[in-house]
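Chemist: Just dropping this structure here.
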Amino acid sequence: MIKRILFLLLLIVVGYNTSVYAQQIVYSEPDREDARNINFEIIGKVENNFVVYKNYRDLHFFNVYDANMKLKNKVQLDNFHEKIYDADFISYANFFYMIFQYQKKDIVYCSALKFNGDGKVVDDMIVLDTTKIGYNSSNKIYSVISSENKEKILLFKINGKYQTANEVTTVLLDKYLKPLHKSKMMIKMEGRKDFLTEFQVDNDGNLAFIKATTYQNNNINSAILITKPELNDTVSVYNLSITNIYLKDIRLKVDNFNKHYLITSFFSGQHRGNIDGLYTCLWDVTTKQTLVSNNILFNDQLRADARGDGSIRGAFNNYFLQNIIMLHNGGFIVGAESVYTTANGNNFDDNFLMDPLGFSPFGFGLGYYNYGYSPFMGDYPWSRFGYGYGNNRGYYAKNIAVLSVTPDCKVEWGNIIKKDQYDDMTDMYIGYGLVNTGDMLHFLFNTMERRQNLITDLSITPDGEVDKTPTLKNLDRGYEFMPHQLKQVSARQFIVPCMYRNYICFARIEL
């Protein structure tokens, strides 16, 4: 009973009704004016509408759907006099922001527009920050993150032109885009062995990020936590206890309820060796000290369950952390997926599996300017928007490992969700999406049945058991879902993109 209560208090859950729910699926009509390789982003539920952003070349517009996914409004944006090349969205109950970048002469502008639930502009454009550069750029310079409660918004940029340091500039805003503080910090670097990653801002406006160091251009052998208070210009540096291990896929997560930072990563006991377990470190914001640190070793039973076609010792070599969920008791749940590519008939893709930095393919892109280097340029080992035809590359997304870790960084339970996905044309239909309904964690992914992809829901209970829910009901033939790009919009609802007759459309599913 205690486990079930703790599970219901997962931070990302708004609430949950214990009454019985009937599954519902409604689809939008395909927009036949869309280009085949259009980009899109599901913004979310705003004023009882569901808003989707679409972009093709210099065209930007919003599709606004009602509860039945009927198109209410299609708004083309004509607010831009310059070409924009990066856009981020932060949504609230009654409005959302579009934060975008563009260049005019030698100045890069980071600006914002505010929209209502109908996709209409409600305020004048605001310039949030500018950067002077001496060349024409089409790459992002600013990264945008927000706190969990969305009360704080942080812009940051990294200038890597100096050989011995990175200049990090941050602009902290409130939810109304009012500037709160601007800082400029010099972070000492030792060439390409060092890199910055996983910038996070907590609900109090404090900044935290990781500086990691690689060993012989391979996996990480040391890392430090760097923090900066909300209204302060001085950073503090804290060494992390990483002894005789090598990290891969290092992640930082904020626990706002307990005021902790979690640093976690897969690790190996040998340079370029097999993954042995999960490195975990809980750091307390109040005392500014490490509460507990532990190297969790995976046992043979978990390895046997997690492996695909390889050996038990190498069972976790292709796994990357994708989900980290903080619990109110101070523990956490991690979800990781086995993903890799093959090229030209080889058993593995050297460019991916032997990546010299061992970084997560699920991280966000950091913008480095005047340097041209970042280990986080790109979100996946392959492009989520690319069709990949004729590239002689195979895409694999296999089992999902789910681990529950206690506040003292010990494994409470672990389980493996079995799946085996492959495509030699595109990666759009493989991978998974996570929906947290409070009573369960739902892992949604496609399974091949009678030569057609059908979306499947396998769920983890509070005790770590896999609930083998059957394939979702009322699925219309001809729709192919892209679960890895789904977005949860309420306690039991999510929007998932799908393809119908080569056109993008969207389904609202209620569990």
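By order of appearance in the structure tokens: chains A, B, ..., then residues from 1 within every chain, and ligands from 1 in the order shown.
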Just the residues within 7 Å of Tyr109 of chain A, please, counting only C-alpha atoms, with nothing from its chain fewer than 6 positions along; format it as a PyMOL selection string.
Modeler: chain A and resi 101-103+127+129-131
Chemist: Keeping only C-alpha atoms, write those residues as a short mmCIF file (atom, residue, chain, number, x, y, z; two decimals), in the first residue's frame.
Modeler:
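Ended up saving to part-v2.cif:
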data_model
loop_
_atom_site.label_atom_id
_atom_site.label_comp_id
_atom_site.auth_asym_id
_atom_site.auth_seq_id
_atom_site.Cartn_x
_atom_site.Cartn_y
_atom_site.Cartn_z
CA GLN A 101 15.94 33.15 -33.22
CA TYR A 102 16.82 35.07 -36.34
CA GLN A 103 19.71 37.09 -37.71
CA VAL A 127 13.33 40.91 -27.93
CA ASP A 129 18.47 39.01 -25.90
CA THR A 130 20.92 39.65 -28.74
CA THR A 131 24.33 38.37 -29.80
#
Chemist: List as a list in words the protein and nucleic acid residues near Tyr395 of chain A, meaning an atom at most 6 Å away when only C-alpha atoms are counted, but skip any in the same chain fewer than 2 places from it.
Modeler: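 Returned residues: Thr341, Tyr422 and Asp423 of chain A.
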Chemist: Where in segment 176-272 of chain A does DSSP assign strand (DSSP E), given as JSON, numbers by chain?
Modeler: {"A": [179, 180, 181, 182, 183, 184, 185, 186, 187, 188, 194, 195, 196, 197, 198, 199, 200, 201, 207, 208, 209, 210, 211, 212, 213, 214, 220, 221, 222, 223, 224, 225, 226, 227, 228, 236, 237, 238, 239, 246, 247, 248, 249, 250, 251, 252, 253, 254, 255, 260, 261, 262, 263, 264, 265, 266, 267, 268]}
Chemist: I'd like the interatomic distance between atom CA of Pro229 of chain A and atom CA of Asn206 of chain A, to a tenth of an Å.
Modeler: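 Between atom CA of Pro229 of chain A and atom CA of Asn206 of chain A the gap works out to 4.6 Å.
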Chemist: Near Val108 of chain A, within 12 Å and counting only C-alpha atoms, which residues show up once chain neighbours fewer than 2 positions away are dropped, as an MDAnalysis selection string?
Modeler: chainID A and resid 82:86 100:106 110:111 127:142 157 369
Chemist: Write a file of the selected residues as a PDB file, in the first residue's frame, keeping C-alpha atoms.
Modeler:
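The new file again.pdb reads:
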ATOM      1  CA  GLU A  82      13.692  37.684 -41.260  1.00  0.00           C
ATOM      2  CA  LYS A  83      14.238  33.960 -41.628  1.00  0.00           C
ATOM      3  CA  ILE A  84      13.895  32.169 -38.298  1.00  0.00           C
ATOM      4  CA  TYR A  85      15.933  29.026 -37.746  1.00  0.00           C
ATOM      5  CA  ASP A  86      15.014  27.766 -34.307  1.00  0.00           C
ATOM      6  CA  PHE A 100      12.646  31.963 -31.718  1.00  0.00           C
ATOM      7  CA  GLN A 101      15.943  33.146 -33.220  1.00  0.00           C
ATOM      8  CA  TYR A 102      16.816  35.068 -36.345  1.00  0.00           C
ATOM      9  CA  GLN A 103      19.709  37.093 -37.713  1.00  0.00           C
ATOM     10  CA  LYS A 104      19.697  40.656 -39.026  1.00  0.00           C
ATOM     11  CA  LYS A 105      23.079  41.740 -40.413  1.00  0.00           C
ATOM     12  CA  ASP A 106      25.609  40.684 -37.776  1.00  0.00           C
ATOM     13  CA  CYS A 110      16.260  35.830 -29.505  1.00  0.00           C
ATOM     14  CA  SER A 111      12.654  37.024 -29.420  1.00  0.00           C
ATOM     15  CA  VAL A 127      13.333  40.908 -27.933  1.00  0.00           C
ATOM     16  CA  LEU A 128      14.760  38.847 -25.068  1.00  0.00           C
ATOM     17  CA  ASP A 129      18.466  39.014 -25.898  1.00  0.00           C
ATOM     18  CA  THR A 130      20.918  39.650 -28.736  1.00  0.00           C
ATOM     19  CA  THR A 131      24.331  38.373 -29.798  1.00  0.00           C
ATOM     20  CA  LYS A 132      26.755  40.014 -32.204  1.00  0.00           C
ATOM     21  CA  ILE A 133      28.557  37.585 -34.485  1.00  0.00           C
ATOM     22  CA  GLY A 134      30.784  38.189 -37.488  1.00  0.00           C
ATOM     23  CA  TYR A 135      29.291  35.657 -39.884  1.00  0.00           C
ATOM     24  CA  ASN A 136      25.971  34.388 -41.225  1.00  0.00           C
ATOM     25  CA  SER A 137      24.677  31.563 -39.091  1.00  0.00           C
ATOM     26  CA  SER A 138      21.845  29.103 -39.584  1.00  0.00           C
ATOM     27  CA  ASN A 139      22.495  27.224 -36.337  1.00  0.00           C
ATOM     28  CA  LYS A 140      20.955  27.863 -32.966  1.00  0.00           C
ATOM     29  CA  ILE A 141      22.860  30.009 -30.515  1.00  0.00           C
ATOM     30  CA  TYR A 142      20.339  30.177 -27.673  1.00  0.00           C
ATOM     31  CA  LYS A 157      24.242  30.581 -24.820  1.00  0.00           C
ATOM     32  CA  TYR A 369      28.941  29.675 -31.279  1.00  0.00           C
TER      33      TYR A 369
END
Chemist: Can you pull out every residue within 9 Å of segment 316-326 of chain A, counting only C-alpha atoms, but drop anything in the same chain fewer than 3 positions away, and send it as number ranges by chain?
Modeler: A: 10-12, 248-251, 253-257, 262, 265-266, 273-277, 303, 306-307, 312-313, 329-340, 353, 359-363, 399-401, 434
Chemist: So which residues touch segment 200-202 of chain A within 7 Å, counting only C-alpha atoms, skipping near sequence neighbours fewer than 3 positions away, as a ChimeraX atom specification?
Modeler: /A:146-148,205-209,254,256
Chemist: Record the distance separating atom CA of Lys184 of chain A and atom CA of Leu155 of chain A, expressed in Å with one decimal.
Modeler: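 Computing the Euclidean distance for atom CA of Lys184 of chain A and atom CA of Leu155 of chain A yields 11.9 Å.
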Chemist: Which value, in Å to one decimal, gives the distance between atom CA of Val64 of chain A and atom CA of Gly119 of chain A?
Modeler: 6.8 Å
Chemist: Using only C-alpha atoms, which residue out of A:Gly478, A:Gly269, A:Gly433, A:Pro497 lies closest to Asn453 of chain A?
Modeler: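 Using only C-alpha atoms, Asn453 of chain A sits closest to A:Gly478.
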Chemist: Skipping near chain neighbours, those fewer than 5 positions away, what residues fall within 6 Å of Tyr246 of chain A using only C-alpha atoms, listed as a PyMOL selection string?
Modeler: chain A and resi 219-221+267-268
Chemist: Measuring atom to atom with only C-alpha atoms, identify which of A:Asn63, A:Ser143, A:Gly308, A:Met69 is nearest to Lys120 of chain A.
Modeler: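 Selected residue with least distance to Lys120 of chain A: A:Asn63.
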Chemist: Go through A:His260, A:Arg192, A:Arg508, A:Lys228 one by one, measure the shortest atom-to-atom distance of each to Lys45 of chain A using only C-alpha atoms, and give the residue with the smallest value.
Modeler: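 Ranking A:His260, A:Arg192, A:Arg508, A:Lys228 by distance to Lys45 of chain A, first place goes to A:Arg508.
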